[in-house]
Protein chains: 2
Amino acid sequence: MSGVRTRTRLSTQARREQLLNVGVELFANQPYEDVAIEQVAAVADVSRGLLYHYFPTKRVFFAAVIQHVGEQMLEMTDTDPDLPVPQRVAAGLDAYLDYAKTRGPGFRAFHRAAGNDDPAVRTAYENNLARQEERLFAALTDNAADLGIDGRPPAIVRLAVRGWLAFVISVTGGWLDDPALSQSDVRDLCVRALVNALSP
Amino acid sequence: MSGVRTRTRLSTQARREQLLNVGVELFANQPYEDVAIEQVAAVADVSRGLLYHYFPTKRVFFAAVIQHVGEQMLEMTDTDPDLPVPQRVAAGLDAYLDYAKTRGPGFRAFHRAAGNDDPAVRTAYENNLARQEERLFAALTDNAADLGIDGRPPAIVRLAVRGWLAFVISVTGGWLDDPALSQSDVRDLCVRALVNALSP
């Protein structure tokens, strides 16, 4: 507002979080190559030196941004393990779709990381997907009898979970492009795709 | 074999095809950045000048490679429109899984194009996916009553088709990584995921 710059002093954790959130916004709206580390520093209103103190290279920074978004998604989609699986999946999907709807750019930046040339970035993305996969696989196999899928070999359940995550990512992207459908229609489509793919 | 180089003369069409096939192999095994146009010329045993005559830049070449693989996949998965949809889908999947199994590197290179930084490459990939989507959407909506899915709004069918293509790509990649499961198990999982996601 005024011409006087006042840089805010933040705790290490808060500063790191702030820088990561700036990263989410910038990488969401521009290709990786076009984001300059100077731009991150300018938007966050910190010196380049401070930014480099937290993240020594742009690739390290981007990998941390991806991990940050991934953690947020894992937390948000973590649901009550005492609920039946279809309800848990539905509740997790609602949280996921809420996140995608309100933070579209972050959602898109996150999933573009799957095709990043930097192995560290791809690894951050893939590790997150693997954790989602593991969580869902455990929920399905622990409740296989209730779900009527206890005849399926674990390898097929694992492949179905992997495919289903890709299904949800793709469907959510399509919904953001054309949000005419209601969130509950999209959620129910995704629930059916998982449970029914494994049913007899 | 001998020290004498004999460059083969090919027709324009055959030469183009040969260069594209060399591209499929090279881009499949190395990241886009690491493939040098000189390498393509060397493997194809043509001069750089000839290569540039067909494809003026590396990006144009890569986009053409992606389009080439996409055309092959569309052709291979084109099935008899007189068959019932589930059988058509199963037959298309068998052709697709055969292709992925026998030409794994080409399959992977093709799908990595989704995350390429070059808009022309991404467009070649996305156009191909859009054509697959369109073909499948038409088959489902033309046979909605037979499939018991005539209660679904077209927008949901479209989103389901989009998600299902991502499902199949992901599942096929997982199967290539760990081919313990039979092709028919993988095919049947994919068929169920499509038809059951849209069933009541």
# chains A, B, ... in the order shown; residues from 1 in each chain; ligands from 1

call {"tool": "residues_around", "arguments": {"residues": "Tyr32 in chain B", "least_positions_apart": "6", "cutoff": "9 Å", "atoms": "only C-alpha atoms", "output": "PyMOL selection string"}}
result
(chain A and resi 117) or (chain B and resi 26+62+116)

call {"tool": "write_last_selection", "arguments": {"atoms": "all heavy atoms", "output": "compact mmCIF listing (two decimals), in the first residue's frame"}}
result
# COMPACT_ATOMS: atom_id res chain seq x y z
N ASP A 117 10.44 -33.92 -15.68
CA ASP A 117 11.68 -34.57 -16.10
C ASP A 117 12.61 -34.87 -14.94
O ASP A 117 13.52 -35.68 -15.06
CB ASP A 117 12.43 -33.68 -17.10
CG ASP A 117 11.71 -33.64 -18.42
OD1 ASP A 117 11.23 -34.71 -18.85
OD2 ASP A 117 11.61 -32.56 -19.00
N LEU B 26 13.95 -44.60 -29.56
CA LEU B 26 14.87 -43.72 -28.83
C LEU B 26 14.14 -42.97 -27.71
O LEU B 26 14.61 -42.92 -26.58
CB LEU B 26 15.55 -42.73 -29.77
CG LEU B 26 16.56 -43.36 -30.73
CD1 LEU B 26 17.15 -42.29 -31.66
CD2 LEU B 26 17.70 -44.05 -29.97
N PHE B 62 9.25 -35.18 -32.47
CA PHE B 62 8.67 -35.90 -31.34
C PHE B 62 7.14 -35.90 -31.41
O PHE B 62 6.50 -36.93 -31.16
CB PHE B 62 9.16 -35.30 -30.01
CG PHE B 62 8.77 -36.11 -28.81
CD1 PHE B 62 9.04 -37.47 -28.75
CD2 PHE B 62 8.13 -35.51 -27.73
CE1 PHE B 62 8.69 -38.23 -27.63
CE2 PHE B 62 7.77 -36.27 -26.61
CZ PHE B 62 8.05 -37.63 -26.57
N ASN B 116 4.64 -33.76 -21.34
CA ASN B 116 5.69 -33.03 -22.05
C ASN B 116 5.47 -31.52 -21.98
O ASN B 116 4.33 -31.06 -21.95
CB ASN B 116 5.72 -33.49 -23.52
CG ASN B 116 7.00 -33.08 -24.22
OD1 ASN B 116 7.15 -31.94 -24.65
ND2 ASN B 116 7.95 -34.00 -24.31

call {"tool": "residues_around", "arguments": {"residues": "Glu17 in chain A", "least_positions_apart": "5", "cutoff": "9 Å", "atoms": "only C-alpha atoms", "output": "VMD selection string"}}
result
chain A and resid 12 22 68

call {"tool": "write_last_selection", "arguments": {"atoms": "N, CA and C atoms", "output": "PDB file, in the first residue's frame"}}
result
ATOM      1  N   THR A  12      10.686 -20.467  11.473  1.00  0.00           N
ATOM      2  CA  THR A  12      11.218 -21.314  10.395  1.00  0.00           C
ATOM      3  C   THR A  12      10.103 -22.115   9.734  1.00  0.00           C
ATOM      4  N   VAL A  22       3.514 -20.227  -1.809  1.00  0.00           N
ATOM      5  CA  VAL A  22       3.825 -19.388  -2.974  1.00  0.00           C
ATOM      6  C   VAL A  22       4.198 -20.281  -4.159  1.00  0.00           C
ATOM      7  N   HIS A  68       4.425 -31.199  -0.324  1.00  0.00           N
ATOM      8  CA  HIS A  68       3.539 -30.383   0.509  1.00  0.00           C
ATOM      9  C   HIS A  68       2.075 -30.572   0.090  1.00  0.00           C
TER      10      HIS A  68
END

call {"tool": "residues_around", "arguments": {"residues": "Ile66 in chain B", "least_positions_apart": "5", "cutoff": "12 Å", "atoms": "only C-alpha atoms", "output": "PyMOL selection string"}}
result
chain B and resi 20-21+23-25+27-28+32+59-61+71-73+106-114+116+120-129

call {"tool": "interface_residues", "arguments": {"of": "chain A", "to": "chain B", "cutoff": "9 Å", "atoms": "only C-alpha atoms", "output": "JSON, numbers by chain"}}
result
{"A": [31, 32, 33, 112, 113, 114, 115, 116, 117, 155, 156, 159, 160, 161, 162, 163, 164, 165, 166, 167, 168, 169, 170, 171, 172, 174, 175, 180, 181, 185, 186, 189, 190, 191, 192, 193, 194, 195, 196, 197, 198, 199, 200]}

call {"tool": "write_last_selection", "arguments": {"atoms": "N, CA and C atoms", "output": "CSV table (one decimal), in the first residue's frame"}}
result
chain,number,residue,atom,x,y,z
A,31,PRO,N,4.4,-23.3,-16.6
A,31,PRO,CA,5.2,-24.5,-16.6
A,31,PRO,C,6.5,-24.3,-15.7
A,32,TYR,N,7.0,-25.5,-15.3
A,32,TYR,CA,8.1,-25.5,-14.4
A,32,TYR,C,9.3,-24.7,-14.9
A,33,GLU,N,9.6,-24.7,-16.2
A,33,GLU,CA,10.7,-24.0,-16.8
A,33,GLU,C,10.5,-22.5,-16.6
A,112,ARG,N,0.5,-32.5,-12.6
A,112,ARG,CA,1.5,-32.4,-13.7
A,112,ARG,C,2.9,-32.9,-13.3
A,113,ALA,N,3.1,-33.0,-12.0
A,113,ALA,CA,4.4,-33.5,-11.6
A,113,ALA,C,4.7,-34.9,-12.0
A,114,ALA,N,3.6,-35.6,-12.3
A,114,ALA,CA,3.8,-37.0,-12.8
A,114,ALA,C,4.7,-37.1,-14.0
A,115,GLY,N,4.6,-36.0,-14.9
A,115,GLY,CA,5.4,-36.0,-16.1
A,115,GLY,C,6.7,-35.2,-16.0
A,116,ASN,N,7.0,-34.7,-14.9
A,116,ASN,CA,8.2,-33.9,-14.7
A,116,ASN,C,9.5,-34.6,-15.1
A,117,ASP,N,10.4,-33.9,-15.7
A,117,ASP,CA,11.7,-34.6,-16.1
A,117,ASP,C,12.6,-34.9,-14.9
A,155,ALA,N,-3.2,-59.2,-6.1
A,155,ALA,CA,-2.5,-58.5,-7.2
A,155,ALA,C,-3.6,-57.7,-8.1
A,156,ILE,N,-4.8,-58.3,-8.2
A,156,ILE,CA,-5.8,-57.6,-9.0
A,156,ILE,C,-6.4,-56.5,-8.2
A,159,LEU,N,-3.9,-53.6,-8.6
A,159,LEU,CA,-4.0,-53.0,-9.9
A,159,LEU,C,-5.3,-52.2,-10.0
A,160,ALA,N,-6.4,-52.7,-9.4
A,160,ALA,CA,-7.6,-51.9,-9.5
A,160,ALA,C,-7.5,-50.6,-8.7
A,161,VAL,N,-6.8,-50.6,-7.6
A,161,VAL,CA,-6.6,-49.4,-6.8
A,161,VAL,C,-5.8,-48.4,-7.6
A,162,ARG,N,-4.7,-48.9,-8.2
A,162,ARG,CA,-3.9,-48.1,-9.0
A,162,ARG,C,-4.6,-47.4,-10.1
A,163,GLY,N,-5.4,-48.2,-10.8
A,163,GLY,CA,-6.2,-47.7,-11.9
A,163,GLY,C,-7.2,-46.8,-11.5
A,164,TRP,N,-7.8,-47.1,-10.3
A,164,TRP,CA,-8.9,-46.2,-9.8
A,164,TRP,C,-8.4,-44.8,-9.4
A,165,LEU,N,-7.2,-44.8,-8.9
A,165,LEU,CA,-6.6,-43.5,-8.5
A,165,LEU,C,-6.5,-42.6,-9.8
A,166,ALA,N,-6.0,-43.3,-10.9
A,166,ALA,CA,-5.9,-42.6,-12.2
A,166,ALA,C,-7.2,-42.1,-12.7
A,167,PHE,N,-8.2,-43.0,-12.5
A,167,PHE,CA,-9.6,-42.7,-12.9
A,167,PHE,C,-10.1,-41.4,-12.1
A,168,VAL,N,-9.9,-41.4,-10.8
A,168,VAL,CA,-10.3,-40.2,-10.0
A,168,VAL,C,-9.6,-38.9,-10.4
A,169,ILE,N,-8.3,-39.0,-10.6
A,169,ILE,CA,-7.5,-37.9,-11.0
A,169,ILE,C,-8.0,-37.3,-12.3
A,170,SER,N,-8.3,-38.2,-13.3
A,170,SER,CA,-8.7,-37.8,-14.6
A,170,SER,C,-10.1,-37.2,-14.6
A,171,VAL,N,-11.0,-37.9,-13.9
A,171,VAL,CA,-12.4,-37.4,-13.8
A,171,VAL,C,-12.4,-36.1,-13.1
A,172,THR,N,-11.6,-35.9,-12.0
A,172,THR,CA,-11.6,-34.6,-11.3
A,172,THR,C,-11.1,-33.5,-12.2
A,174,GLY,N,-11.4,-33.4,-15.4
A,174,GLY,CA,-12.5,-33.2,-16.4
A,174,GLY,C,-13.6,-32.4,-15.8
A,175,TRP,N,-13.9,-32.6,-14.5
A,175,TRP,CA,-14.9,-31.9,-13.8
A,175,TRP,C,-14.5,-30.4,-13.6
A,180,ALA,N,-20.2,-28.5,-14.9
A,180,ALA,CA,-21.6,-28.5,-15.0
A,180,ALA,C,-22.2,-29.6,-14.1
A,181,LEU,N,-21.5,-30.7,-13.9
A,181,LEU,CA,-22.1,-31.8,-13.1
A,181,LEU,C,-21.9,-31.5,-11.6
A,185,ASP,N,-22.7,-36.2,-8.1
A,185,ASP,CA,-22.7,-37.1,-9.3
A,185,ASP,C,-21.3,-37.6,-9.6
A,186,VAL,N,-20.3,-36.7,-9.5
A,186,VAL,CA,-18.9,-37.1,-9.8
A,186,VAL,C,-18.4,-38.1,-8.7
A,189,LEU,N,-20.0,-41.5,-9.2
A,189,LEU,CA,-19.4,-42.2,-10.3
A,189,LEU,C,-18.1,-42.9,-9.9
A,190,CYS,N,-17.3,-42.2,-9.1
A,190,CYS,CA,-16.0,-42.7,-8.7
A,190,CYS,C,-16.2,-43.8,-7.7
A,191,VAL,N,-17.1,-43.7,-6.8
A,191,VAL,CA,-17.4,-44.8,-5.8
A,191,VAL,C,-17.7,-46.1,-6.6
A,192,ARG,N,-18.7,-45.9,-7.5
A,192,ARG,CA,-19.1,-47.1,-8.3
A,192,ARG,C,-17.9,-47.7,-9.0
A,193,ALA,N,-17.1,-46.9,-9.6
A,193,ALA,CA,-16.0,-47.4,-10.4
A,193,ALA,C,-15.0,-48.3,-9.6
A,194,LEU,N,-14.9,-47.9,-8.3
A,194,LEU,CA,-14.0,-48.7,-7.5
A,194,LEU,C,-14.6,-50.0,-7.0
A,195,VAL,N,-15.8,-49.9,-6.4
A,195,VAL,CA,-16.4,-51.0,-5.8
A,195,VAL,C,-16.9,-52.0,-6.9
A,196,ASN,N,-17.5,-51.5,-7.9
A,196,ASN,CA,-18.0,-52.4,-9.0
A,196,ASN,C,-17.0,-53.0,-9.8
A,197,ALA,N,-15.8,-52.4,-10.0
A,197,ALA,CA,-14.7,-53.0,-10.8
A,197,ALA,C,-14.3,-54.3,-10.2
A,198,LEU,N,-14.4,-54.4,-8.8
A,198,LEU,CA,-13.9,-55.6,-8.1
A,198,LEU,C,-15.0,-56.6,-7.8
A,199,SER,N,-16.3,-56.1,-8.0
A,199,SER,CA,-17.4,-57.1,-7.7
A,199,SER,C,-17.5,-58.1,-8.8
A,200,PRO,N,-18.1,-59.2,-8.5
A,200,PRO,CA,-18.2,-60.3,-9.5
A,200,PRO,C,-19.0,-59.8,-10.8

call {"tool": "closest_residue", "arguments": {"among": "A:Arg9, A:Arg135, A:Arg187, A:Arg103", "to": "Val69 in chain A", "atoms": "only C-alpha atoms"}}
result
A:Arg103

call {"tool": "decode", "arguments": {"residues": "range 144-160 of chain B", "atoms": "N, CA, C and O atoms", "output": "PDB file, in the first residue's frame"}}
result
ATOM      1  N   ALA B 144     -26.913 -47.451 -25.266  1.00  0.00           N
ATOM      2  CA  ALA B 144     -27.188 -47.202 -23.845  1.00  0.00           C
ATOM      3  C   ALA B 144     -28.280 -48.130 -23.299  1.00  0.00           C
ATOM      4  O   ALA B 144     -28.153 -48.676 -22.197  1.00  0.00           O
ATOM      5  N   ALA B 145     -29.346 -48.347 -24.093  1.00  0.00           N
ATOM      6  CA  ALA B 145     -30.453 -49.173 -23.607  1.00  0.00           C
ATOM      7  C   ALA B 145     -29.980 -50.609 -23.390  1.00  0.00           C
ATOM      8  O   ALA B 145     -30.238 -51.214 -22.340  1.00  0.00           O
ATOM      9  N   ASP B 146     -29.265 -51.163 -24.373  1.00  0.00           N
ATOM     10  CA  ASP B 146     -28.757 -52.540 -24.241  1.00  0.00           C
ATOM     11  C   ASP B 146     -27.858 -52.683 -23.017  1.00  0.00           C
ATOM     12  O   ASP B 146     -27.796 -53.745 -22.392  1.00  0.00           O
ATOM     13  N   LEU B 147     -27.093 -51.630 -22.715  1.00  0.00           N
ATOM     14  CA  LEU B 147     -26.134 -51.690 -21.612  1.00  0.00           C
ATOM     15  C   LEU B 147     -26.788 -51.387 -20.264  1.00  0.00           C
ATOM     16  O   LEU B 147     -26.150 -51.517 -19.218  1.00  0.00           O
ATOM     17  N   GLY B 148     -28.049 -50.940 -20.315  1.00  0.00           N
ATOM     18  CA  GLY B 148     -28.737 -50.591 -19.071  1.00  0.00           C
ATOM     19  C   GLY B 148     -28.200 -49.311 -18.450  1.00  0.00           C
ATOM     20  O   GLY B 148     -28.253 -49.116 -17.241  1.00  0.00           O
ATOM     21  N   ILE B 149     -27.673 -48.429 -19.290  1.00  0.00           N
ATOM     22  CA  ILE B 149     -27.108 -47.186 -18.755  1.00  0.00           C
ATOM     23  C   ILE B 149     -27.833 -45.973 -19.325  1.00  0.00           C
ATOM     24  O   ILE B 149     -27.305 -44.853 -19.300  1.00  0.00           O
ATOM     25  N   ASP B 150     -29.066 -46.194 -19.859  1.00  0.00           N
ATOM     26  CA  ASP B 150     -29.736 -45.065 -20.506  1.00  0.00           C
ATOM     27  C   ASP B 150     -30.234 -44.018 -19.511  1.00  0.00           C
ATOM     28  O   ASP B 150     -30.678 -42.948 -19.917  1.00  0.00           O
ATOM     29  N   GLY B 151     -30.132 -44.315 -18.203  1.00  0.00           N
ATOM     30  CA  GLY B 151     -30.501 -43.299 -17.210  1.00  0.00           C
ATOM     31  C   GLY B 151     -29.388 -42.303 -16.921  1.00  0.00           C
ATOM     32  O   GLY B 151     -29.611 -41.312 -16.231  1.00  0.00           O
ATOM     33  N   ARG B 152     -28.205 -42.565 -17.438  1.00  0.00           N
ATOM     34  CA  ARG B 152     -27.067 -41.686 -17.116  1.00  0.00           C
ATOM     35  C   ARG B 152     -27.015 -40.467 -18.035  1.00  0.00           C
ATOM     36  O   ARG B 152     -27.082 -40.620 -19.255  1.00  0.00           O
ATOM     37  N   PRO B 153     -26.832 -39.278 -17.476  1.00  0.00           N
ATOM     38  CA  PRO B 153     -26.687 -38.106 -18.341  1.00  0.00           C
ATOM     39  C   PRO B 153     -25.417 -38.232 -19.192  1.00  0.00           C
ATOM     40  O   PRO B 153     -24.419 -38.791 -18.723  1.00  0.00           O
ATOM     41  N   PRO B 154     -25.470 -37.719 -20.443  1.00  0.00           N
ATOM     42  CA  PRO B 154     -24.294 -37.819 -21.323  1.00  0.00           C
ATOM     43  C   PRO B 154     -23.019 -37.272 -20.676  1.00  0.00           C
ATOM     44  O   PRO B 154     -21.939 -37.834 -20.883  1.00  0.00           O
ATOM     45  N   ALA B 155     -23.154 -36.218 -19.865  1.00  0.00           N
ATOM     46  CA  ALA B 155     -21.949 -35.632 -19.254  1.00  0.00           C
ATOM     47  C   ALA B 155     -21.261 -36.616 -18.313  1.00  0.00           C
ATOM     48  O   ALA B 155     -20.030 -36.635 -18.204  1.00  0.00           O
ATOM     49  N   ILE B 156     -22.070 -37.458 -17.649  1.00  0.00           N
ATOM     50  CA  ILE B 156     -21.479 -38.465 -16.751  1.00  0.00           C
ATOM     51  C   ILE B 156     -20.833 -39.581 -17.570  1.00  0.00           C
ATOM     52  O   ILE B 156     -19.756 -40.085 -17.223  1.00  0.00           O
ATOM     53  N   VAL B 157     -21.495 -39.953 -18.661  1.00  0.00           N
ATOM     54  CA  VAL B 157     -20.911 -40.999 -19.524  1.00  0.00           C
ATOM     55  C   VAL B 157     -19.563 -40.520 -20.067  1.00  0.00           C
ATOM     56  O   VAL B 157     -18.577 -41.253 -20.078  1.00  0.00           O
ATOM     57  N   ARG B 158     -19.526 -39.264 -20.471  1.00  0.00           N
ATOM     58  CA  ARG B 158     -18.286 -38.701 -21.010  1.00  0.00           C
ATOM     59  C   ARG B 158     -17.170 -38.703 -19.956  1.00  0.00           C
ATOM     60  O   ARG B 158     -16.025 -39.074 -20.234  1.00  0.00           O
ATOM     61  N   LEU B 159     -17.517 -38.315 -18.746  1.00  0.00           N
ATOM     62  CA  LEU B 159     -16.527 -38.279 -17.665  1.00  0.00           C
ATOM     63  C   LEU B 159     -16.066 -39.701 -17.318  1.00  0.00           C
ATOM     64  O   LEU B 159     -14.882 -39.931 -17.048  1.00  0.00           O
ATOM     65  N   ALA B 160     -17.009 -40.642 -17.357  1.00  0.00           N
ATOM     66  CA  ALA B 160     -16.661 -42.031 -17.058  1.00  0.00           C
ATOM     67  C   ALA B 160     -15.692 -42.575 -18.116  1.00  0.00           C
ATOM     68  O   ALA B 160     -14.738 -43.283 -17.797  1.00  0.00           O
TER      69      ALA B 160
END
